[in-house]
Amino acid sequence: MAREQLKTLTEPMYYILLALLTENHGYGIMQTVEKLTDGRVVIGAGTLYSLLGRFEKEGFIEQTAERERRKIYVITESGRKILQEEYNRLNHLVEDGQIFFARQRRGEE
């Protein structure tokens with residue numbers, strides 16, 4: 001799942017990495033994402049734990065502790081880099097859309 005292969009992150013991938021900017025466990029990640037997106041993005045347990053495993057294998061996150069049978073994770077520098085790249089990519093999409101819609105409002109083509 002190297003960055004060259006991945007190209008873009010899915011919404012669940014993006015929000016999981018975003019939620020791991022601070023240490024968190026699986027259920028906490030699900031709650032953080034749901035709250036952050038106002039319920040628009042809900043990540044199921046199967047998806048979450050599959051992605052956590054992939055992210056850990058690729059070195060995007062690391063387990064920092066285990067408390068009460070809960071594994072605690074945090075994003076790594078490699079994960080931060082991918083998250084920042086995706087954030088920049090998404091911002092470019094929004095900026096392009098703003099230009100397009102502004103031109104349409106002015107009657108330009």
# chains A, B, ... in the order shown; residues from 1 in each chain; ligands from 1
call {"tool": "select_by_dssp", "arguments": {"residues": "chain A", "states": "alpha helix (DSSP H)", "output": "JSON, numbers by chain"}}
result
{"A": [3, 4, 5, 6, 11, 12, 13, 14, 15, 16, 17, 18, 19, 26, 27, 28, 29, 30, 31, 32, 33, 34, 35, 36, 45, 46, 47, 48, 49, 50, 51, 52, 53, 54, 55, 56, 57, 58, 77, 78, 79, 80, 81, 82, 83, 84, 85, 86, 87, 88, 89, 90, 91, 92, 93, 94, 95, 96, 97, 98, 99, 100, 101, 102, 103, 104, 105]}
call {"tool": "residues_around", "arguments": {"residues": "Ala19 (chain A)", "least_positions_apart": "3", "cutoff": "9 Å", "atoms": "only C-alpha atoms", "output": "PyMOL selection string"}}
result
chain A and resi 14-16+22-24+28-30+32-33+36+74-75
call {"tool": "atom_distance", "arguments": {"atom1": "CA of Gly44 (chain A)", "atom2": "CA of Met13 (chain A)"}}
result
12.2 Å
call {"tool": "select_by_dssp", "arguments": {"residues": "chain A", "states": "strand (DSSP E or B)", "output": "list in words"}}
result
Asn24, His25, Ile61, Glu62, Gln63, Thr64, Ala65, Glu66, Arg67, Arg70, Lys71, Ile72, Tyr73, Val74 and Ile75 of chain A
call {"tool": "residues_around", "arguments": {"residues": "region 56-65 of chain A", "least_positions_apart": "4", "cutoff": "8 Å", "atoms": "only C-alpha atoms", "output": "PyMOL selection string"}}
result
chain A and resi 1-2+17+20+23+52+71-80
call {"tool": "atom_distance", "arguments": {"atom1": "CA of Gln84 (chain A)", "atom2": "CA of Thr10 (chain A)"}}
result
14.0 Å
call {"tool": "atom_distance", "arguments": {"atom1": "CA of Glu85 (chain A)", "atom2": "CA of Gly97 (chain A)"}}
result
18.6 Å
call {"tool": "residues_around", "arguments": {"residues": "region 46-50 of chain A", "least_positions_apart": "3", "cutoff": "8 Å", "atoms": "only C-alpha atoms", "output": "MDAnalysis selection string"}}
result
chainID A and resid 12 16 26 30 43 53:54
call {"tool": "write_last_selection", "arguments": {"atoms": "C-alpha atoms", "output": "tab-separated table (two decimals), in the first residue's frame"}}
result
chain	number	residue	atom	x	y	z
A	12	PRO	CA	-12.34	6.20	6.13
A	16	ILE	CA	-8.68	7.32	10.70
A	26	GLY	CA	-10.27	1.53	17.96
A	30	MET	CA	-14.83	5.37	15.47
A	43	ILE	CA	-16.61	3.45	10.14
A	53	GLY	CA	-3.64	-3.52	10.42
A	54	ARG	CA	-2.68	-2.26	6.97
